[in-house]
Each structure stands twice: as C-alpha cells, then as structure tokens.
Amino acid sequence: MTSRSGQLARMLSFWAVMALAFLLAPTGVFAAPHASIVIDARSGEVLHEENADARLHPASLTKMMTLYITFQELERGSISLDSMVTVTKHAASQPPSRLGLKPGQKIAVRYLIRAAAIKSANDAAAALGDFIGGNQDDFARRMTRTAKALGMTNTTFKNANGLTAPGHLSSARDMTTLGRHLFYDFPQYYNIFSRRSSDAGVATVNSTNRRFLDAYKGADGIKTGYTVAAGFNLTASAERDGKRLIATIFGATSTANRNAEMTKLLNKAFEKARKNAPFNPPEAPAATDALVAQADTALPEVEDGAGKTLRVATGMDSSPRPLARPAALAPETVTAAAEAVDAMQDGILGALAEATGGEEVIESQATELADAAVPAATLAVDDVERASASAETALPAEGLPSEEALAEAVANLPADALPPDALPADPAAATATAAADAQPLPFQIASAAAVAPPKRKSPIYDDAATGPDPAEAPEVVSFSTSGDRHWGITVGRYGSSYEAEKALLKMQLVESATLSTSRPKVMQKSGGFEATFVGLTQDQADLACRRLQARSVTCFTIGE
C-alpha cells in the first residue's frame, strides 16, 4: 500500500511540474535577461545601450579574457606560440564544446588559442588558464584583476571558459570594453577572430560565428557564447567606410535571433556614427602578473615527477595607467528574470550536462540547425532584418531556448520523480549510434570517397570539425502539416498507453530542436503500444533518429 502511495505521489509531482512548466513557458519566464550596447571603437562613444550595466552570465564571451591574458604573456615573452602545454585532468574533464584533449597530452599554445577563439573549445580555454595561472582559481582571480585594470567594473570571473558558475558575471558594457582592448592592444593577434576554420593540431576547428561573419558586410569578429542561463550572446566588431563599431548582445533567444538583432543594431549605429569621430584608442594596462610555473608531478608521462622550467617575468617598461573611464554608477538592480535564472543555475547545469553532454554543445547544434536555411554568402541585410521582425512578434521558430529551458526544468526533478521505465532499453542502440554517426545526413552532398568519422561516445554534434558543415544543415522551423510532411519516427513499443505517452513526452523535451514541429501519437499494435512522432519531412525524421540514436535511444523512421 505504501509503495503504491509513493508511486502515486511521484506521478502527481511529475505531472504537476509539467503542467506548471508548460503554463510558464509562453510567458518567457525561462528566457535569459537581455542587454545590448554599441560603441564607436575609435572614440569609445556609446551609440546605443539597453541594460548595458546589468550583471549577467557572459557564457563563452569569457574566453576573450582568457585569450587577452594569453596575448599578454606572448607579448612579454613569458611564453611563445610554440610553447608546449601539458593538459591537466581539470582541463581535459571540461564538457563540450571540446577539442578533445586528454590528461597528460602535450599541445602547442598556438593550437589552444585557435580552438578557444574559433571553436570556443572549453577544454582548450581551461588548458590555457591552468598553464598560465597554475590552476583555475588563481587564473580566475587574475582574470578579474585584469578586468578591473581595463575598466570592466561589473565583472567577476570564476573560470577560463565561461561555463555557468556562482558569481561568474559580467555586463554588455564590460564585454564591449574587452572587445575594444583586444582590437587595439593586440592587433597582431586580432585576426584569429575572423577565421572561419583553422588547424588546431589534433583537429580542424570551425567558427561558431561564421554565419554572421559571412552575412554582415565588414564584420571581422569577435566571439559568440551560449549557456542556458545566459541565452545566446555575441560581441561583434565591424568596419564600414572608415567607421569601426563594437557591439555586444546578451540573452538573445536563438542564433538566428541574435544575428538578426546584431545586424539591426549595427546598421542603425553606422548611420549614427560620425564620419570624422575623434581617434581615442584605449591605453593598454600594465601587466603585473608573472606566469605561474606548473609542476608535472601528477602526470604519468613525467619521470620521477620532474617539474617544468620556471619562467618568471620581472621588469616592466611602463607604469600602471589610470582606468579607461571613471568608475560607473552602481549597476541596475538585476531583473526578476535574472534572479530566477540564477536560482535555477546549479540544477540547470547538471540537467544540461546529462541531456546534451555539456552547455556549449547547444551553441554548436543551434548554429548547425540554423545555418542552412539561407546560404551565408547570399544572406542580405534585408533578409536578416525581416527575420528579426518576425522574432520580435512571436516566439522564435526554432523554439530552442524556451524548450531547452523547459526540458532542463523537468530533467532536474529528483531521480525518483520519473518512473524508471521512461525510456526503452535496446542493446543494439550502441551499434546503431556508430552506424548513424558515420552516415551523411540526407540533405548533405557527400563524396563517394568520403571516409566515415571515427566512433565517438559524445553527442553527434559536439565537434564542429567532424559534424556536418552548419552552412549545409537545415534550419528547423515551423511548417503546416501539409506538403511532404508525411514521415514520422517510432521510439519504442510499450505495454501500456500510459508508458508510451511518458516516453513521447521525454523524447519531445530532450530532442525539442528536431521534434518541435511534430505531433506525438500512440499507436496500438498487436504487440503493445508504439510511441511515435508524426508530421515530419523525411529529412527531419532522419535527423531526429540520428540524434536520438546518438543518445542510445531506439529509433526508426516511418513514412512513404
């Protein structure tokens, strides 16, 4: 009796949370707080700002500071581009997006820079932080000190890659300030942010920002970022007719929405910017932190615990300068939405890691799903502005941010809140995963001599270098159920209709990006109840199955 009562209580708790989540989702409660700013890079004049001083989650925009400090050490001669970094266990354990580093592996600084700047690889950024700072905490403290020296008054860092952590916060104004310093303080390295792809030693890495770089005339950087708590962030720089602008957006609802909004902001700012604005570049701060040497005692390939050679920087050529501008007024009170996100962040992180393999992988997946709708090379400004107007009047067609946040709220329930048989088990799933991973997508033009990528345990799109080119991937949008949408998928057969419905709900939340336009349906067969999704195109059905199989979920396409 007690067991049945407990099971009933868990079921009621589950459906109560689900009902609340669906009721709240349309109101935007799960949307990340929004902020934006545009400045004239030549003079520092602010041309547009909205909530620019609100302390929010910077996500992978954080890597701009990791790279800034790395460039400082390169310029001082403490390290070189060919310096070999021994990857720590901490760096190798970072979630996607990843370069795929292993503990004890040695890799050149130049390759870590490329992976962090272009692919936004979390393990590469952490490896740089551990190499320069000795450990994550010490390097984060140096990041914060450097931020203060640059005039970033609302910024505190806790790690080198931007994964959500308590107290790891910045503002749109501060990230724009950092972007401006990167441009003026290290012009010899700035070009790294405009590269669409590059060799990172162990793999070729593709840019998370190449769609915007290709679509917007004059754009040449800088950095994207995404986490559930942050939303879709971007610091961008562009030059037209002798005018150089730098802008930052926090909390966009999707990659497409972020790029469209950035296009509108920059277009208006270029019209507003003065032709002959005064040239007043920021003054680079004096670097006072010496490189901390590492000891390799814990690494297996180092005999007898031999340590690295100590490299300590000493004298300085210049004295510290004043801050770039006076300290800003106290930041605005963080919005209710930001507080809600902060309160949920720990649970969101754990659930996201379980459902997707890490936070930054969503950025890669979202970019790949959005990039193919309009070829980047032919995307006109008018097209982007029309996309922005559409996004402002309705929920984004991709549905990713709100549905991902909804999925994480449900996935974060206690382990016993979901019945144990929510997903079917299939011993053949692992084999199906490898097979699906090696096949080209149905909409991808594959060479007959193409070599299948190696088997991976991580999600199918965690590595942009081995996944399909985002410029060729389909954008998941909402369509009517007419036309060629006569395909579907089945994700298992169950002993009762109730079990099948539970499985459909779980799949719809976990794989919302590809199933958001489908209709769940339970079909009674002689052997039980089949859980299916209908109303898909053949391409969407194939893609959904490939992604579910990569999560070890049984999936078959059905249709014409």
# chains A, B, ... in the order shown; residues from 1 in each chain; ligands from 1
>>> select_by_dssp(residues="range 164-316 of chain A", states="alpha helix (DSSP H)", output="number ranges by chain")
A: 172-185, 187-190, 210-215, 255-272
>>> atom_distance(atom1="CA of Arg551 in chain A", atom2="CA of Thr253 in chain A")
25.1 Å
>>> residues_around(residues="Ala219 in chain A", least_positions_apart="5", cutoff="12 Å", atoms="only C-alpha atoms", output="count of residues only")
26
>>> residues_around(residues="range 29-46 of chain A", least_positions_apart="4", cutoff="7 Å", atoms="only C-alpha atoms", output="MDAnalysis selection string")
chainID A and resid 24:25 50:52 172:173 180 229:231 244:252 273 277:281 337:338 402 405
>>> atom_distance(atom1="CA of Phe131 in chain A", atom2="CA of Ile79 in chain A")
10.0 Å
>>> select_by_dssp(residues="range 162-238 of chain A", states="strand (DSSP E)", output="ChimeraX atom specification")
/A:197-199,204-206,219-227,231-238
>>> closest_residue(among="A:Ser497, A:Thr86, A:Ser60, A:Thr537", to="Leu515 in chain A", atoms="only C-alpha atoms")
A:Thr537
>>> closest_residue(among="A:Lys119, A:Arg196, A:Lys502, A:His168", to="Leu56 in chain A", atoms="only C-alpha atoms")
A:His168
>>> closest_residue(among="A:Thr70, A:Thr177, A:Thr153, A:Ser78", to="Ala54 in chain A", atoms="only C-alpha atoms")
A:Thr153
>>> residues_around(residues="Gln188 in chain A", least_positions_apart="6", cutoff="12 Å", atoms="only C-alpha atoms", output="list in words")
Phe71, Gln72, Leu74, Glu75 and Leu182 of chain A
>>> atom_distance(atom1="CA of Ala108 in chain A", atom2="CA of Val87 in chain A")
10.4 Å
>>> residues_around(residues="Gln94 in chain A", least_positions_apart="3", cutoff="12 Å", atoms="only C-alpha atoms", output="number ranges by chain")
A: 87-91, 97-103, 121-127, 136, 159-163, 353, 357-361
>>> closest_residue(among="A:Thr62, A:Ser516, A:Gln538, A:Thr224", to="Ser170 in chain A", atoms="only C-alpha atoms")
A:Thr62
>>> residues_around(residues="Gly488 in chain A", least_positions_apart="3", cutoff="12 Å", atoms="only C-alpha atoms", output="number ranges by chain")
A: 481, 484-485, 491, 514-515, 517-521, 531-545, 555-560
>>> write_last_selection(atoms="N, CA and C atoms", output="compact mmCIF listing (two decimals), in the first residue's frame")
# COMPACT_ATOMS: atom_id res chain seq x y z
N THR A 481 1.20 20.99 -41.51
CA THR A 481 1.33 19.53 -41.64
C THR A 481 1.01 19.06 -43.05
N ASP A 484 5.02 17.78 -47.87
CA ASP A 484 5.70 16.49 -47.83
C ASP A 484 5.93 15.98 -46.42
N ARG A 485 5.18 16.49 -45.45
CA ARG A 485 5.39 16.11 -44.06
C ARG A 485 4.57 14.85 -43.73
N VAL A 491 9.81 5.44 -31.39
CA VAL A 491 10.88 5.40 -30.40
C VAL A 491 10.69 4.26 -29.41
N THR A 514 14.50 19.12 -33.03
CA THR A 514 14.05 18.48 -34.26
C THR A 514 12.61 17.98 -34.19
N LEU A 515 12.05 17.89 -32.99
CA LEU A 515 10.69 17.35 -32.84
C LEU A 515 9.66 18.43 -32.52
N THR A 517 8.12 20.51 -34.31
CA THR A 517 7.03 20.66 -35.27
C THR A 517 6.22 19.37 -35.46
N SER A 518 6.59 18.32 -34.75
CA SER A 518 5.92 17.04 -34.92
C SER A 518 4.72 16.90 -33.98
N ARG A 519 3.95 15.84 -34.19
CA ARG A 519 2.80 15.55 -33.33
C ARG A 519 2.98 14.18 -32.71
N PRO A 520 3.04 14.09 -31.36
CA PRO A 520 3.19 12.78 -30.72
C PRO A 520 1.92 11.95 -30.87
N LYS A 521 2.09 10.68 -31.08
CA LYS A 521 0.94 9.81 -31.30
C LYS A 521 1.25 8.41 -30.79
N ALA A 531 5.15 4.24 -29.49
CA ALA A 531 5.31 5.68 -29.28
C ALA A 531 5.88 6.29 -30.55
N THR A 532 5.14 7.17 -31.20
CA THR A 532 5.57 7.72 -32.49
C THR A 532 5.42 9.23 -32.51
N PHE A 533 6.19 9.85 -33.40
CA PHE A 533 6.02 11.26 -33.74
C PHE A 533 5.73 11.33 -35.23
N VAL A 534 4.66 12.03 -35.60
CA VAL A 534 4.27 12.14 -37.00
C VAL A 534 4.28 13.60 -37.41
N GLY A 535 4.09 13.84 -38.73
CA GLY A 535 4.05 15.20 -39.24
C GLY A 535 5.43 15.76 -39.54
N LEU A 536 6.41 14.91 -39.86
CA LEU A 536 7.75 15.35 -40.18
C LEU A 536 8.03 15.16 -41.67
N THR A 537 9.01 15.90 -42.17
CA THR A 537 9.52 15.62 -43.51
C THR A 537 10.49 14.45 -43.39
N GLN A 538 10.87 13.87 -44.51
CA GLN A 538 11.81 12.76 -44.47
C GLN A 538 13.14 13.19 -43.87
N ASP A 539 13.60 14.38 -44.23
CA ASP A 539 14.87 14.89 -43.70
C ASP A 539 14.79 15.06 -42.19
N GLN A 540 13.66 15.63 -41.72
CA GLN A 540 13.53 15.83 -40.27
C GLN A 540 13.46 14.50 -39.54
N ALA A 541 12.76 13.53 -40.08
CA ALA A 541 12.66 12.22 -39.44
C ALA A 541 14.03 11.55 -39.37
N ASP A 542 14.77 11.60 -40.47
CA ASP A 542 16.10 11.01 -40.47
C ASP A 542 17.01 11.69 -39.45
N LEU A 543 16.97 13.03 -39.41
CA LEU A 543 17.82 13.76 -38.48
C LEU A 543 17.44 13.46 -37.03
N ALA A 544 16.15 13.41 -36.74
CA ALA A 544 15.70 13.13 -35.38
C ALA A 544 16.18 11.76 -34.92
N CYS A 545 16.06 10.75 -35.80
CA CYS A 545 16.51 9.40 -35.43
C CYS A 545 18.02 9.36 -35.21
N CYS A 555 15.30 4.10 -32.34
CA CYS A 555 14.50 4.98 -33.19
C CYS A 555 14.49 4.43 -34.62
N PHE A 556 13.28 4.44 -35.24
CA PHE A 556 13.13 4.03 -36.62
C PHE A 556 12.24 5.03 -37.33
N THR A 557 12.55 5.32 -38.60
CA THR A 557 11.71 6.22 -39.39
C THR A 557 10.55 5.44 -39.99
N ILE A 558 9.42 6.11 -40.14
CA ILE A 558 8.25 5.53 -40.78
C ILE A 558 7.70 6.55 -41.76
N GLY A 559 7.13 6.09 -42.86
CA GLY A 559 6.55 7.03 -43.81
C GLY A 559 6.48 6.44 -45.19
N GLU A 560 6.46 7.34 -46.18
CA GLU A 560 6.27 6.93 -47.57
C GLU A 560 7.40 6.01 -48.03
